[in-house]
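Asker: Structure: input03.tsv, TSV, C-alpha atoms and all ligand atoms.
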```
chain	number	residue	atom	x	y	z
O	1	MET	CA	0.00	0.00	0.00
O	2	ALA	CA	2.87	2.29	0.64
O	3	PHE	CA	3.72	2.84	-2.98
O	4	SER	CA	0.14	3.66	-3.81
O	5	SER	CA	-0.16	6.23	-1.08
O	6	ALA	CA	3.10	7.75	-2.17
O	7	PHE	CA	2.23	7.68	-5.77
O	8	SER	CA	-1.32	7.39	-6.91
O	9	THR	CA	-3.07	10.43	-5.57
O	10	SER	CA	-2.98	12.09	-8.95
O	11	TYR	CA	-1.78	11.34	-12.42
O	12	CYS	CA	-0.11	14.73	-12.32
O	13	THR	CA	2.49	13.62	-9.82
O	14	PHE	CA	5.71	15.20	-8.75
O	15	GLN	CA	7.80	13.57	-11.41
O	16	SER	CA	5.59	14.94	-14.11
O	17	SER	CA	4.58	18.24	-12.60
O	18	ILE	CA	6.55	20.40	-15.01
O	19	VAL	CA	4.94	18.73	-17.94
O	20	CYS	CA	1.50	18.73	-16.34
O	21	ALA	CA	1.67	22.38	-15.45
O	22	GLN	CA	1.95	23.24	-19.11
O	23	LYS	CA	-1.19	21.27	-20.03
O	24	PRO	CA	0.37	20.24	-23.29
O	25	ASN	CA	-1.14	18.43	-26.18
O	26	SER	CA	-1.04	14.82	-25.14
O	27	GLN	CA	-0.28	13.26	-28.46
O	28	SER	CA	2.63	15.52	-29.22
O	29	LEU	CA	4.16	14.85	-25.81
O	30	LEU	CA	3.55	11.20	-26.15
O	31	LYS	CA	5.57	11.13	-29.30
O	32	THR	CA	8.20	13.69	-28.49
O	33	SER	CA	9.10	13.24	-24.85
O	34	LEU	CA	8.18	9.77	-23.77
O	35	PHE	CA	8.16	7.80	-26.95
O	36	PRO	CA	10.69	9.37	-29.26
O	37	ARG	CA	11.53	7.68	-32.52
O	38	GLN	CA	13.92	4.85	-31.79
O	39	ASN	CA	15.99	3.27	-34.52
O	40	GLY	CA	13.57	4.56	-37.10
O	41	LYS	CA	10.57	3.05	-35.31
O	42	LYS	CA	7.78	4.99	-33.75
O	43	LEU	CA	6.34	3.51	-30.58
O	44	VAL	CA	2.72	4.28	-29.96
O	45	PRO	CA	1.10	3.35	-26.68
O	46	GLN	CA	-2.13	1.57	-27.38
O	47	THR	CA	-5.27	0.85	-25.52
O	48	PRO	CA	-4.25	-1.50	-22.77
O	49	ARG	CA	-4.83	-5.16	-23.21
O	50	TYR	CA	-4.82	-5.79	-19.48
O	51	LYS	CA	-7.82	-5.97	-17.27
O	52	GLY	CA	-7.43	-3.13	-14.85
O	53	PHE	CA	-4.73	-1.55	-16.98
O	54	SER	CA	-5.42	2.12	-16.69
O	55	PRO	CA	-2.92	4.29	-18.46
O	56	LYS	CA	-3.04	8.03	-18.27
O	57	LYS	CA	-6.25	9.66	-19.24
O	58	GLY	CA	-7.04	11.90	-22.14
O	59	ALA	CA	-5.68	15.01	-23.81
O	60	GLY	CA	-4.62	17.88	-21.62
O	61	GLU	CA	-3.59	15.56	-18.81
O	62	MET	CA	-0.49	14.22	-20.46
O	63	LYS	CA	2.35	13.24	-18.22
O	64	ALA	CA	5.96	12.42	-18.56
O	65	SER	CA	5.03	8.85	-17.86
O	66	ILE	CA	2.55	6.11	-18.60
O	67	LYS	CA	1.28	4.01	-15.77
O	68	TRP	CA	-1.04	1.15	-15.16
O	69	GLU	CA	-1.76	-1.61	-12.75
O	70	LYS	CA	-2.03	-5.30	-13.34
O	71	GLY	CA	-3.24	-7.08	-10.27
O	72	TYR	CA	-0.79	-6.29	-7.52
O	73	LYS	CA	1.77	-5.02	-10.00
O	74	LYS	CA	2.12	-1.34	-10.69
O	75	VAL	CA	3.98	-0.37	-13.82
O	76	GLU	CA	5.20	3.00	-14.94
O	77	VAL	CA	7.14	3.95	-18.04
O	78	PHE	CA	9.37	7.00	-18.08
O	79	SER	CA	12.16	8.68	-19.90
O	80	LYS	CA	15.37	7.75	-18.05
O	81	GLU	CA	15.55	11.18	-16.42
O	82	HIS	CA	11.96	11.05	-15.18
O	83	LEU	CA	12.52	7.54	-13.90
O	84	ALA	CA	15.23	8.81	-11.55
O	85	VAL	CA	13.03	11.70	-10.43
O	86	SER	CA	10.03	9.47	-9.77
O	87	LEU	CA	12.09	6.85	-7.98
O	88	ALA	CA	13.59	9.50	-5.69
O	89	TYR	CA	10.14	10.85	-4.90
O	90	ASP	CA	8.76	7.41	-4.03
O	91	VAL	CA	11.82	6.41	-2.00
O	92	ALA	CA	11.64	9.66	-0.04
O	93	GLN	CA	7.94	9.07	0.70
O	94	LEU	CA	8.66	5.57	1.95
O	95	SER	CA	11.62	6.79	3.98
O	96	ASN	CA	9.40	9.33	5.75
O	97	LYS	CA	6.68	6.79	6.32
O	98	PHE	CA	8.83	4.04	7.79
O	99	ALA	CA	11.14	6.38	9.72
O	100	SER	CA	8.13	7.90	11.48
O	101	GLU	CA	6.20	4.63	11.92
O	102	ARG	CA	9.04	2.32	12.88
O	103	GLY	CA	12.00	4.59	13.65
O	104	ALA	CA	14.01	2.82	10.95
O	105	PHE	CA	13.96	2.45	7.17
O	106	THR	CA	15.46	-0.77	5.84
O	107	VAL	CA	16.56	-0.55	2.22
O	108	VAL	CA	17.96	-3.34	0.08
O	109	LEU	CA	20.10	-2.51	-2.94
O	110	SER	CA	21.07	-4.61	-5.93
O	111	GLY	CA	24.08	-4.23	-8.16
O	112	GLY	CA	24.13	-3.22	-11.79
O	113	SER	CA	22.55	-0.09	-13.19
O	114	LEU	CA	20.15	0.44	-10.25
O	115	VAL	CA	22.56	2.67	-8.36
O	116	LYS	CA	22.72	5.29	-11.08
O	117	TYR	CA	18.95	5.76	-10.85
O	118	LEU	CA	19.36	6.83	-7.22
O	119	LYS	CA	21.13	9.97	-8.35
O	120	LYS	CA	18.28	12.35	-7.55
O	121	LEU	CA	18.31	11.29	-3.90
O	122	VAL	CA	21.72	12.87	-3.44
O	123	GLU	CA	20.45	16.24	-4.70
O	124	PRO	CA	18.12	18.83	-3.15
O	125	PRO	CA	15.45	18.56	-1.91
O	126	TYR	CA	16.03	14.94	-0.84
O	127	ILE	CA	19.62	15.17	0.33
O	128	ASP	CA	18.48	17.68	2.98
O	129	SER	CA	14.97	16.44	3.74
O	130	ILE	CA	15.44	12.68	4.16
O	131	ASP	CA	16.32	11.50	7.66
O	132	TRP	CA	19.33	9.47	6.59
O	133	SER	CA	20.10	8.51	10.19
O	134	LYS	CA	17.13	6.11	10.03
O	135	TRP	CA	18.39	4.28	6.96
O	136	HIS	CA	19.75	0.73	7.19
O	137	VAL	CA	21.22	-0.56	3.95
O	138	PHE	CA	21.58	-4.17	2.77
O	139	TRP	CA	22.38	-5.91	-0.49
O	140	VAL	CA	20.06	-8.37	-2.18
O	141	ASP	CA	23.14	-10.00	-3.59
O	142	GLU	CA	26.87	-9.48	-3.48
O	143	ARG	CA	29.82	-10.86	-5.32
O	144	LEU	CA	32.51	-12.47	-3.16
O	145	VAL	CA	35.26	-9.99	-3.97
O	146	PRO	CA	37.08	-7.41	-1.86
O	147	LYS	CA	35.15	-4.20	-1.24
O	148	ASP	CA	37.53	-2.18	-3.37
O	149	ASN	CA	37.16	-4.52	-6.34
O	150	LEU	CA	35.37	-3.12	-9.37
O	151	ASP	CA	32.96	-6.08	-9.26
O	152	SER	CA	31.86	-5.30	-5.71
O	153	ASN	CA	28.23	-4.21	-5.38
O	154	TYR	CA	29.25	-2.47	-2.16
O	155	LYS	CA	31.83	-0.40	-4.04
O	156	LEU	CA	29.33	0.41	-6.76
O	157	ALA	CA	26.79	1.63	-4.25
O	158	TYR	CA	29.38	3.40	-2.10
O	159	ASP	CA	30.91	5.33	-4.98
O	160	GLY	CA	27.59	6.24	-6.60
O	161	PHE	CA	25.32	6.78	-3.62
O	162	LEU	CA	26.37	5.88	-0.08
O	163	SER	CA	29.43	8.12	0.03
O	164	LYS	CA	27.18	11.09	-0.79
O	165	VAL	CA	24.55	10.70	1.92
O	166	PRO	CA	24.95	10.80	5.72
O	167	ILE	CA	23.84	7.26	6.54
O	168	PRO	CA	25.69	6.15	9.69
O	169	PRO	CA	28.41	3.71	8.54
O	170	VAL	CA	27.28	1.26	11.23
O	171	ASN	CA	23.91	1.03	9.41
O	172	ILE	CA	25.50	-0.17	6.19
O	173	TYR	CA	25.62	-3.96	6.15
O	174	ALA	CA	28.23	-5.15	3.68
O	175	ILE	CA	29.12	-8.82	3.48
O	176	ASP	CA	32.25	-10.18	5.14
O	177	ASP	CA	34.35	-10.78	2.04
O	178	ALA	CA	37.13	-12.44	4.08
O	179	LEU	CA	34.94	-15.51	4.60
O	180	PRO	CA	34.27	-18.33	2.16
O	181	VAL	CA	31.05	-17.72	0.27
O	182	ASP	CA	28.92	-20.14	2.33
O	183	GLY	CA	30.18	-18.55	5.56
O	184	ALA	CA	29.54	-15.05	4.24
O	185	ALA	CA	25.94	-16.00	3.46
O	186	ASP	CA	25.43	-17.52	6.93
O	187	VAL	CA	26.86	-14.47	8.67
O	188	TYR	CA	24.66	-12.16	6.61
O	189	GLU	CA	21.57	-14.15	7.59
O	190	THR	CA	22.67	-14.05	11.24
O	191	THR	CA	22.97	-10.27	11.00
O	192	ILE	CA	19.43	-10.09	9.65
O	193	LYS	CA	18.16	-12.23	12.53
O	194	ARG	CA	19.93	-10.01	15.06
O	195	LEU	CA	18.38	-6.89	13.54
O	196	MET	CA	14.92	-8.50	13.63
O	197	LYS	CA	15.30	-9.15	17.35
O	198	ILE	CA	15.90	-5.46	18.02
O	199	ASN	CA	13.16	-4.42	15.57
O	200	VAL	CA	15.44	-2.64	13.16
O	201	ILE	CA	14.13	-5.12	10.60
O	202	ASP	CA	10.40	-5.74	10.79
O	203	THR	CA	9.04	-9.30	11.00
O	204	SER	CA	6.29	-10.61	8.72
O	205	ASN	CA	3.26	-12.51	10.02
O	206	ARG	CA	4.97	-15.70	8.89
O	207	GLY	CA	8.12	-14.86	10.86
O	208	PHE	CA	10.21	-13.78	7.89
O	209	PRO	CA	12.27	-10.60	7.73
O	210	LYS	CA	10.13	-7.85	6.24
O	211	LEU	CA	12.41	-5.30	4.64
O	212	ASP	CA	10.78	-1.95	3.99
O	213	LEU	CA	12.03	-1.45	0.44
O	214	MET	CA	13.95	-3.59	-2.02
O	215	LEU	CA	15.39	-1.78	-5.02
O	216	LEU	CA	15.96	-4.49	-7.58
O	217	GLY	CA	17.35	-4.66	-11.08
O	218	MET	CA	16.73	-7.41	-13.60
O	219	GLY	CA	19.10	-8.93	-16.14
O	220	PRO	CA	18.17	-9.42	-19.81
O	221	ASP	CA	17.65	-13.12	-18.98
O	222	GLY	CA	15.10	-12.26	-16.30
O	223	HIS	CA	17.39	-12.92	-13.32
O	224	VAL	CA	17.02	-10.92	-10.14
O	225	ALA	CA	19.51	-10.75	-7.26
O	226	SER	CA	21.79	-13.74	-8.05
O	227	LEU	CA	18.81	-15.98	-8.76
O	228	PHE	CA	19.34	-17.30	-12.28
O	229	SER	CA	17.04	-19.41	-14.46
O	230	GLY	CA	17.34	-23.13	-13.85
O	231	HIS	CA	19.50	-22.80	-10.72
O	232	PRO	CA	18.50	-24.90	-7.68
O	233	VAL	CA	18.58	-21.82	-5.41
O	234	LEU	CA	15.36	-20.69	-7.07
O	235	LYS	CA	13.66	-23.36	-4.97
O	236	GLU	CA	15.42	-22.55	-1.69
O	237	ASP	CA	12.72	-22.20	0.94
O	238	GLN	CA	14.64	-22.53	4.21
O	239	LYS	CA	17.52	-20.11	3.99
O	240	TRP	CA	16.94	-16.37	3.72
O	241	VAL	CA	20.43	-15.77	2.43
O	242	THR	CA	22.31	-18.38	0.43
O	243	PHE	CA	25.24	-18.62	-1.96
O	244	ILE	CA	26.16	-19.79	-5.41
O	245	ARG	CA	29.55	-20.71	-6.82
O	246	ASP	CA	28.52	-20.94	-10.45
O	247	SER	CA	26.93	-17.64	-11.41
O	248	PRO	CA	26.49	-17.47	-15.19
O	249	LYS	CA	27.14	-13.74	-14.84
O	250	PRO	CA	30.68	-13.25	-13.49
O	251	PRO	CA	32.09	-13.26	-10.94
O	252	PRO	CA	30.95	-16.81	-10.08
O	253	GLU	CA	30.86	-16.71	-6.27
O	254	ARG	CA	27.99	-14.71	-4.83
O	255	ILE	CA	25.69	-14.53	-1.87
O	256	THR	CA	22.04	-13.84	-2.58
O	257	PHE	CA	18.73	-13.31	-0.86
O	258	THR	CA	16.26	-16.11	-1.62
O	259	PHE	CA	12.66	-15.71	-2.76
O	260	PRO	CA	11.15	-16.21	0.71
O	261	ILE	CA	12.88	-13.08	2.03
O	262	ILE	CA	12.42	-11.11	-1.18
O	263	ASN	CA	8.72	-11.89	-1.21
O	264	SER	CA	8.28	-10.89	2.43
O	265	SER	CA	9.19	-7.27	1.64
O	266	SER	CA	6.84	-4.39	2.23
O	267	ASN	CA	7.78	-2.79	-1.08
O	268	ILE	CA	9.73	-3.90	-4.12
O	269	ALA	CA	10.82	-1.50	-6.84
O	270	MET	CA	11.89	-3.22	-10.07
O	271	VAL	CA	14.06	-0.72	-11.91
O	272	VAL	CA	14.58	-1.96	-15.43
O	273	THR	CA	15.93	-0.02	-18.37
O	274	GLY	CA	17.18	-0.64	-21.88
O	275	GLU	CA	15.84	-2.38	-24.95
O	276	GLY	CA	17.97	-5.43	-24.14
O	277	LYS	CA	15.50	-6.23	-21.37
O	278	ALA	CA	12.33	-5.67	-23.38
O	279	ASN	CA	11.73	-9.39	-24.01
O	280	ALA	CA	12.06	-10.32	-20.33
O	281	VAL	CA	9.82	-7.38	-19.33
O	282	TYR	CA	7.23	-8.50	-21.87
O	283	THR	CA	7.37	-12.06	-20.57
O	284	ALA	CA	7.08	-10.95	-16.96
O	285	LEU	CA	4.22	-8.54	-17.48
O	286	GLU	CA	2.37	-9.93	-20.44
O	287	ASN	CA	2.74	-13.66	-20.53
O	288	ASP	CA	0.64	-15.15	-17.74
O	289	LYS	CA	0.11	-18.58	-19.18
O	290	LYS	CA	3.51	-20.13	-19.38
O	291	THR	CA	4.68	-22.53	-16.71
O	292	ASP	CA	8.44	-22.19	-17.15
O	293	LYS	CA	8.81	-18.92	-15.33
O	294	LEU	CA	11.70	-16.51	-15.36
O	295	PRO	CA	13.22	-15.76	-11.94
O	296	VAL	CA	11.68	-12.29	-12.01
O	297	GLU	CA	8.24	-13.88	-12.32
O	298	LEU	CA	8.77	-15.59	-8.98
O	299	ILE	CA	8.61	-12.22	-7.28
O	300	LEU	CA	5.19	-12.37	-5.66
O	301	PRO	CA	5.55	-10.07	-2.69
O	302	GLU	CA	3.28	-9.81	0.31
O	303	GLY	CA	3.59	-6.05	-0.08
O	304	GLU	CA	3.72	-3.75	-3.10
O	305	LEU	CA	5.56	-4.36	-6.34
O	306	LYS	CA	6.17	-1.51	-8.70
O	307	TRP	CA	8.02	-1.59	-12.01
O	308	TYR	CA	9.95	1.48	-13.14
O	309	LEU	CA	10.64	1.04	-16.84
O	310	ASP	CA	12.24	3.24	-19.43
O	311	VAL	CA	10.94	3.41	-22.96
O	312	GLY	CA	13.42	0.82	-24.20
O	313	ALA	CA	12.55	-1.77	-21.56
O	314	ALA	CA	8.83	-1.19	-22.16
O	315	SER	CA	9.07	-1.20	-25.94
O	316	LYS	CA	7.53	-4.66	-26.43
O	317	LEU	CA	4.51	-3.74	-24.31
O	318	PHE	CA	3.27	-1.40	-27.01
O	319	LYS	CA	2.49	-2.22	-30.57
O	320	GLU	CA	3.89	-0.15	-33.40
C	1	LIG	O1	24.99	-8.28	-8.61
C	1	LIG	C1	24.29	-8.35	-9.58
C	1	LIG	O2	24.68	-8.85	-10.64
C	1	LIG	C2	22.94	-7.78	-9.50
C	1	LIG	O3	22.40	-7.55	-8.28
C	1	LIG	C3	21.99	-8.25	-10.55
C	1	LIG	O4	20.86	-8.94	-10.12
C	1	LIG	C4	21.59	-7.01	-11.31
C	1	LIG	O5	20.72	-6.23	-10.56
C	1	LIG	C5	20.98	-7.35	-12.62
C	1	LIG	O6	21.89	-8.14	-13.35
C	1	LIG	C6	20.66	-6.13	-13.43
C	1	LIG	O7	21.85	-5.46	-13.71
C	1	LIG	P1	21.83	-4.25	-14.73
C	1	LIG	O8	20.83	-3.28	-14.25
C	1	LIG	O9	23.23	-3.70	-14.73
C	1	LIG	O10	21.47	-4.86	-16.05
```
Mind turning the file's structure into structure tokens?

Answerer:
Amino acid sequence: MAFSSAFSTSYCTFQSSIVCAQKPNSQSLLKTSLFPRQNGKKLVPQTPRYKGFSPKKGAGEMKASIKWEKGYKKVEVFSKEHLAVSLAYDVAQLSNKFASERGAFTVVLSGGSLVKYLKKLVEPPYIDSIDWSKWHVFWVDERLVPKDNLDSNYKLAYDGFLSKVPIPPVNIYAIDDALPVDGAADVYETTIKRLMKINVIDTSNRGFPKLDLMLLGMGPDGHVASLFSGHPVLKEDQKWVTFIRDSPKPPPERITFTFPIINSSSNIAMVVTGEGKANAVYTALENDKKTDKLPVELILPEGELKWYLDVGAASKLFKE
């Protein structure tokens, strides 16, 4: 519910307010700002094929985004710049909500391109208005490399985000990269259990850790965290944090959250950009019938799930 309260009060939301204020012609904006010509093709959003799919309304109300809902999934399509603005707005809303309700805001990061879409959070107004002292930061997956290695998700997040905001260092939970990968996973799970006992991490009705917000990316093959198609860890239902030694995406040794902990989250933001992911996005959002599911399709959270797509990633959702 948190995303909806942060987000759905009006179609003319913060991220689109400049565009909305001008009351532009919807069709021209649709073509020029959100769906520019790409590789000679013109993408035209069509009447939704989903039940309950409710994209932006008519002329004069045009936004810098298209959004709809499909069941518990919320989807919004932006230009890359608007995606970062909208994500910052939603994250700030959730930060305020959980910091005031629980006295803590537990945020889970992934690696990859996600971190660059956090860039608006380190600028005004958010850099000054968010209570960073309440943030507790975790990783949904991490590569077993030293923290100064270019492959480290910690380093990626530190360089691009964490070094720019005043989160207490003690609230940043990196893995112990000196341990073997199985030990690093065990210690990470133990840390989560300890933080549940002192209510830094909330506990779900089923006794699972309930992180306030997971910010996830997705690979072109539909993997999330280090949960890859066909890997036995997709079925892990005991451990909250586990490990793999054979990641198809290098480096091979990684720790990863499992689906039980991912799906216990209060909020999940899937941040997916680029045409290379359009097929997986289409499969995840459009193709309900198939039985052989991509890892991303196994995300069925108890809380809210919202997709933040750019035009490239959403390109297969709209017919030419
Ligand atoms: O450590 C990792 O490899 C990630 O956590 C991984 O799950 C990532 O989020 C996706 O591969 C998307 O990465 P991109 O956004 O860079 O494509």

Asker: Residues of chain O that have any atom at most 8 Å from an atom of ligand LIG 1 (chain C): could you tabulate them with the shortest-distance atom pair and the distance in Å to one decimal, using all atoms listed in the file, ordered by chain and increasing number, as JSON lines?

Answerer:
```
{"residue": "O:Leu109", "atom": "CA", "partner": "C:LIG1", "partner_atom": "O3", "distance": 7.7}
{"residue": "O:Ser110", "atom": "CA", "partner": "C:LIG1", "partner_atom": "O3", "distance": 4.0}
{"residue": "O:Gly111", "atom": "CA", "partner": "C:LIG1", "partner_atom": "O3", "distance": 3.7}
{"residue": "O:Gly112", "atom": "CA", "partner": "C:LIG1", "partner_atom": "O9", "distance": 3.1}
{"residue": "O:Ser113", "atom": "CA", "partner": "C:LIG1", "partner_atom": "O8", "distance": 3.8}
{"residue": "O:Leu114", "atom": "CA", "partner": "C:LIG1", "partner_atom": "O8", "distance": 5.5}
{"residue": "O:Trp139", "atom": "CA", "partner": "C:LIG1", "partner_atom": "O3", "distance": 8.0}
{"residue": "O:Val140", "atom": "CA", "partner": "C:LIG1", "partner_atom": "O3", "distance": 6.6}
{"residue": "O:Asp141", "atom": "CA", "partner": "C:LIG1", "partner_atom": "O3", "distance": 5.3}
{"residue": "O:Glu142", "atom": "CA", "partner": "C:LIG1", "partner_atom": "O1", "distance": 5.6}
{"residue": "O:Arg143", "atom": "CA", "partner": "C:LIG1", "partner_atom": "O1", "distance": 6.4}
{"residue": "O:Asn153", "atom": "CA", "partner": "C:LIG1", "partner_atom": "O1", "distance": 6.1}
{"residue": "O:Leu216", "atom": "CA", "partner": "C:LIG1", "partner_atom": "O5", "distance": 5.9}
{"residue": "O:Gly217", "atom": "CA", "partner": "C:LIG1", "partner_atom": "O5", "distance": 3.8}
{"residue": "O:Met218", "atom": "CA", "partner": "C:LIG1", "partner_atom": "C6", "distance": 4.1}
{"residue": "O:Gly219", "atom": "CA", "partner": "C:LIG1", "partner_atom": "O6", "distance": 4.0}
{"residue": "O:Pro220", "atom": "CA", "partner": "C:LIG1", "partner_atom": "O10", "distance": 6.8}
{"residue": "O:His223", "atom": "CA", "partner": "C:LIG1", "partner_atom": "O4", "distance": 6.2}
{"residue": "O:Val224", "atom": "CA", "partner": "C:LIG1", "partner_atom": "O4", "distance": 4.3}
{"residue": "O:Ala225", "atom": "CA", "partner": "C:LIG1", "partner_atom": "O4", "distance": 3.6}
{"residue": "O:Ser226", "atom": "CA", "partner": "C:LIG1", "partner_atom": "O4", "distance": 5.3}
{"residue": "O:Leu227", "atom": "CA", "partner": "C:LIG1", "partner_atom": "O4", "distance": 7.5}
{"residue": "O:Lys249", "atom": "CA", "partner": "C:LIG1", "partner_atom": "O2", "distance": 6.9}
{"residue": "O:Pro250", "atom": "CA", "partner": "C:LIG1", "partner_atom": "O2", "distance": 8.0}
{"residue": "O:Val271", "atom": "CA", "partner": "C:LIG1", "partner_atom": "O8", "distance": 7.6}
{"residue": "O:Val272", "atom": "CA", "partner": "C:LIG1", "partner_atom": "O8", "distance": 6.5}
{"residue": "O:Thr273", "atom": "CA", "partner": "C:LIG1", "partner_atom": "O8", "distance": 7.2}
```

Asker: Could you take the residues named above and write them with C-alpha atoms, as a PDB file, in the coordinates of the input?

Answerer:
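Output file selection_30.pdb follows:
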```pdb
ATOM      1  CA  LEU O 109      20.100  -2.510  -2.940  1.00  0.00           C
ATOM      2  CA  SER O 110      21.070  -4.610  -5.930  1.00  0.00           C
ATOM      3  CA  GLY O 111      24.080  -4.230  -8.160  1.00  0.00           C
ATOM      4  CA  GLY O 112      24.130  -3.220 -11.790  1.00  0.00           C
ATOM      5  CA  SER O 113      22.550  -0.090 -13.190  1.00  0.00           C
ATOM      6  CA  LEU O 114      20.150   0.440 -10.250  1.00  0.00           C
ATOM      7  CA  TRP O 139      22.380  -5.910  -0.490  1.00  0.00           C
ATOM      8  CA  VAL O 140      20.060  -8.370  -2.180  1.00  0.00           C
ATOM      9  CA  ASP O 141      23.140 -10.000  -3.590  1.00  0.00           C
ATOM     10  CA  GLU O 142      26.870  -9.480  -3.480  1.00  0.00           C
ATOM     11  CA  ARG O 143      29.820 -10.860  -5.320  1.00  0.00           C
ATOM     12  CA  ASN O 153      28.230  -4.210  -5.380  1.00  0.00           C
ATOM     13  CA  LEU O 216      15.960  -4.490  -7.580  1.00  0.00           C
ATOM     14  CA  GLY O 217      17.350  -4.660 -11.080  1.00  0.00           C
ATOM     15  CA  MET O 218      16.730  -7.410 -13.600  1.00  0.00           C
ATOM     16  CA  GLY O 219      19.100  -8.930 -16.140  1.00  0.00           C
ATOM     17  CA  PRO O 220      18.170  -9.420 -19.810  1.00  0.00           C
ATOM     18  CA  HIS O 223      17.390 -12.920 -13.320  1.00  0.00           C
ATOM     19  CA  VAL O 224      17.020 -10.920 -10.140  1.00  0.00           C
ATOM     20  CA  ALA O 225      19.510 -10.750  -7.260  1.00  0.00           C
ATOM     21  CA  SER O 226      21.790 -13.740  -8.050  1.00  0.00           C
ATOM     22  CA  LEU O 227      18.810 -15.980  -8.760  1.00  0.00           C
ATOM     23  CA  LYS O 249      27.140 -13.740 -14.840  1.00  0.00           C
ATOM     24  CA  PRO O 250      30.680 -13.250 -13.490  1.00  0.00           C
ATOM     25  CA  VAL O 271      14.060  -0.720 -11.910  1.00  0.00           C
ATOM     26  CA  VAL O 272      14.580  -1.960 -15.430  1.00  0.00           C
ATOM     27  CA  THR O 273      15.930  -0.020 -18.370  1.00  0.00           C
TER      28      THR O 273
END
```

Asker: So, counting only C-alpha atoms, which residue among O:Phe161, O:Tyr72, O:Phe138, O:Trp132 is closest to O:Leu118?

Answerer: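 Once distances to O:Leu118 are computed over only C-alpha atoms, the minimum belongs to O:Phe161.
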
Asker: So, with all atoms listed in the file as the atoms that count, which of O:Val77, O:Val187, O:Leu121, O:Val200 lies closest to O:His136?

Answerer: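 Selected residue with least distance to O:His136: O:Val200.
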
Asker: Give the answer as one residue: which of O:Ile299, O:Val122, O:Ala278, O:Ile262 has the shortest atom-to-atom distance to O:Ala84, using all atoms listed in the file?

Answerer: O:Val122

Asker: For O:Pro180, please output as a PDB file with C-alpha atoms, in the frame of the given file all residues within 12 Å (counting only C-alpha atoms; exclusion window: fewer than 6 positions along the same chain).

Answerer:
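In the end it all went to result13.pdb:
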```pdb
ATOM      1  CA  ARG O 143      29.820 -10.860  -5.320  1.00  0.00           C
ATOM      2  CA  LEU O 144      32.510 -12.470  -3.160  1.00  0.00           C
ATOM      3  CA  VAL O 145      35.260  -9.990  -3.970  1.00  0.00           C
ATOM      4  CA  PRO O 146      37.080  -7.410  -1.860  1.00  0.00           C
ATOM      5  CA  ASP O 186      25.430 -17.520   6.930  1.00  0.00           C
ATOM      6  CA  VAL O 187      26.860 -14.470   8.670  1.00  0.00           C
ATOM      7  CA  PHE O 243      25.240 -18.620  -1.960  1.00  0.00           C
ATOM      8  CA  ILE O 244      26.160 -19.790  -5.410  1.00  0.00           C
ATOM      9  CA  ARG O 245      29.550 -20.710  -6.820  1.00  0.00           C
ATOM     10  CA  GLU O 253      30.860 -16.710  -6.270  1.00  0.00           C
ATOM     11  CA  ARG O 254      27.990 -14.710  -4.830  1.00  0.00           C
ATOM     12  CA  ILE O 255      25.690 -14.530  -1.870  1.00  0.00           C
TER      13      ILE O 255
END
```

Asker: Got a sec: who's within 9 Å of O:Tyr188, counting all atoms listed in the file, leaving out chain neighbours fewer than 6 positions off, as a VMD selection string?

Answerer: chain O and resid 173 to 176 241 255

Asker: Just to confirm, what's the straight-line distance from atom CA of O:Val233 to atom CA of O:Thr258 in Å (one decimal)?

Answerer: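 Atom CA of O:Val233 sits 7.2 Å away from atom CA of O:Thr258.
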
Asker: Could you tell me how far atom CA of O:Lys119 lies from atom CA of O:Trp307, in Å and to one decimal?

Answerer: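 It comes out at 17.9 Å.
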
Asker: Output as AutoDock Vina command-line options the centre and edge lengths (Å, one decimal) of the box along x, y and z of the file that holds every listed atom of stretch 177-188 of chain O after adding 6 Å on each side.

Answerer:
```
--center_x 30.9 --center_y -15.5 --center_z 4.5 --size_x 24.5 --size_y 21.4 --size_z 20.4
```

Asker: Go ahead and compute the interatomic distance for atom CA of O:Ile192 and atom CA of O:Asn171, in Å to one decimal.

Answerer: 12.0 Å

Asker: Would you mind telling me which residue in O:Glu76, O:Asp221, O:Asp292, O:Glu304 lies nearest to O:Ala280 when using only C-alpha atoms?

Answerer: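 Selected residue with least distance to O:Ala280: O:Asp221.
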
Asker: Got a sec: who's within 10 Å of O:Asn199, counting all atoms listed in the file, leaving out chain neighbours fewer than 5 positions off, as a list in words?

Answerer: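 Surrounding residues, per the criterion: Arg102, Gly103, Ala104, Lys193 and Arg194 of chain O.
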
Asker: Could you give me, as a list in words, the residues that have an atom at most 12 Å away from the point (28.4, 8.1, 0.7) in the coordinates of the file, using only C-alpha atoms?

Answerer: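 The residues near that point, listed by chain and number, are Lys119, Leu121, Val122, Ile127, Trp132, Val137, Tyr154, Lys155, Leu156, Ala157, Tyr158, Asp159, Gly160, Phe161, Leu162, Ser163, Lys164, Val165, Pro166, Ile167, Pro168, Pro169 and Ile172 of chain O.
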
Asker: For O:Pro125, list every protein, DNA or RNA residue within 12 Å, evaluated using all atoms listed in the file, and leave out those in the same chain fewer than 6 positions away; present the list as a list in words.

Answerer: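 Here the answer would be Val85, Ala88, Tyr89, Ala92 and Asp131 of chain O.
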
Asker: From the set O:Lys277, O:Arg206, O:Lys293, O:Lys235, which residue has the shortest atom-to-atom contact distance to O:Lys316, counting all atoms listed in the file?

Answerer: O:Lys277

Asker: Choose the residue, out of O:Thr191, O:Pro295, O:Phe228, O:Tyr282, that has the smallest atom-to-atom separation from O:Asp246; count all atoms listed in the file.

Answerer: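 Closest to O:Asp246, using all atoms listed in the file: O:Phe228.
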
Asker: Neighbours of O:Leu298 within 9 Å (only C-alpha atoms; same-chain residues fewer than 3 positions away dropped), as a list in words?

Answerer: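 That gives Leu234, Phe259, Asn263, Lys293, Leu294, Pro295 and Pro301 of chain O.
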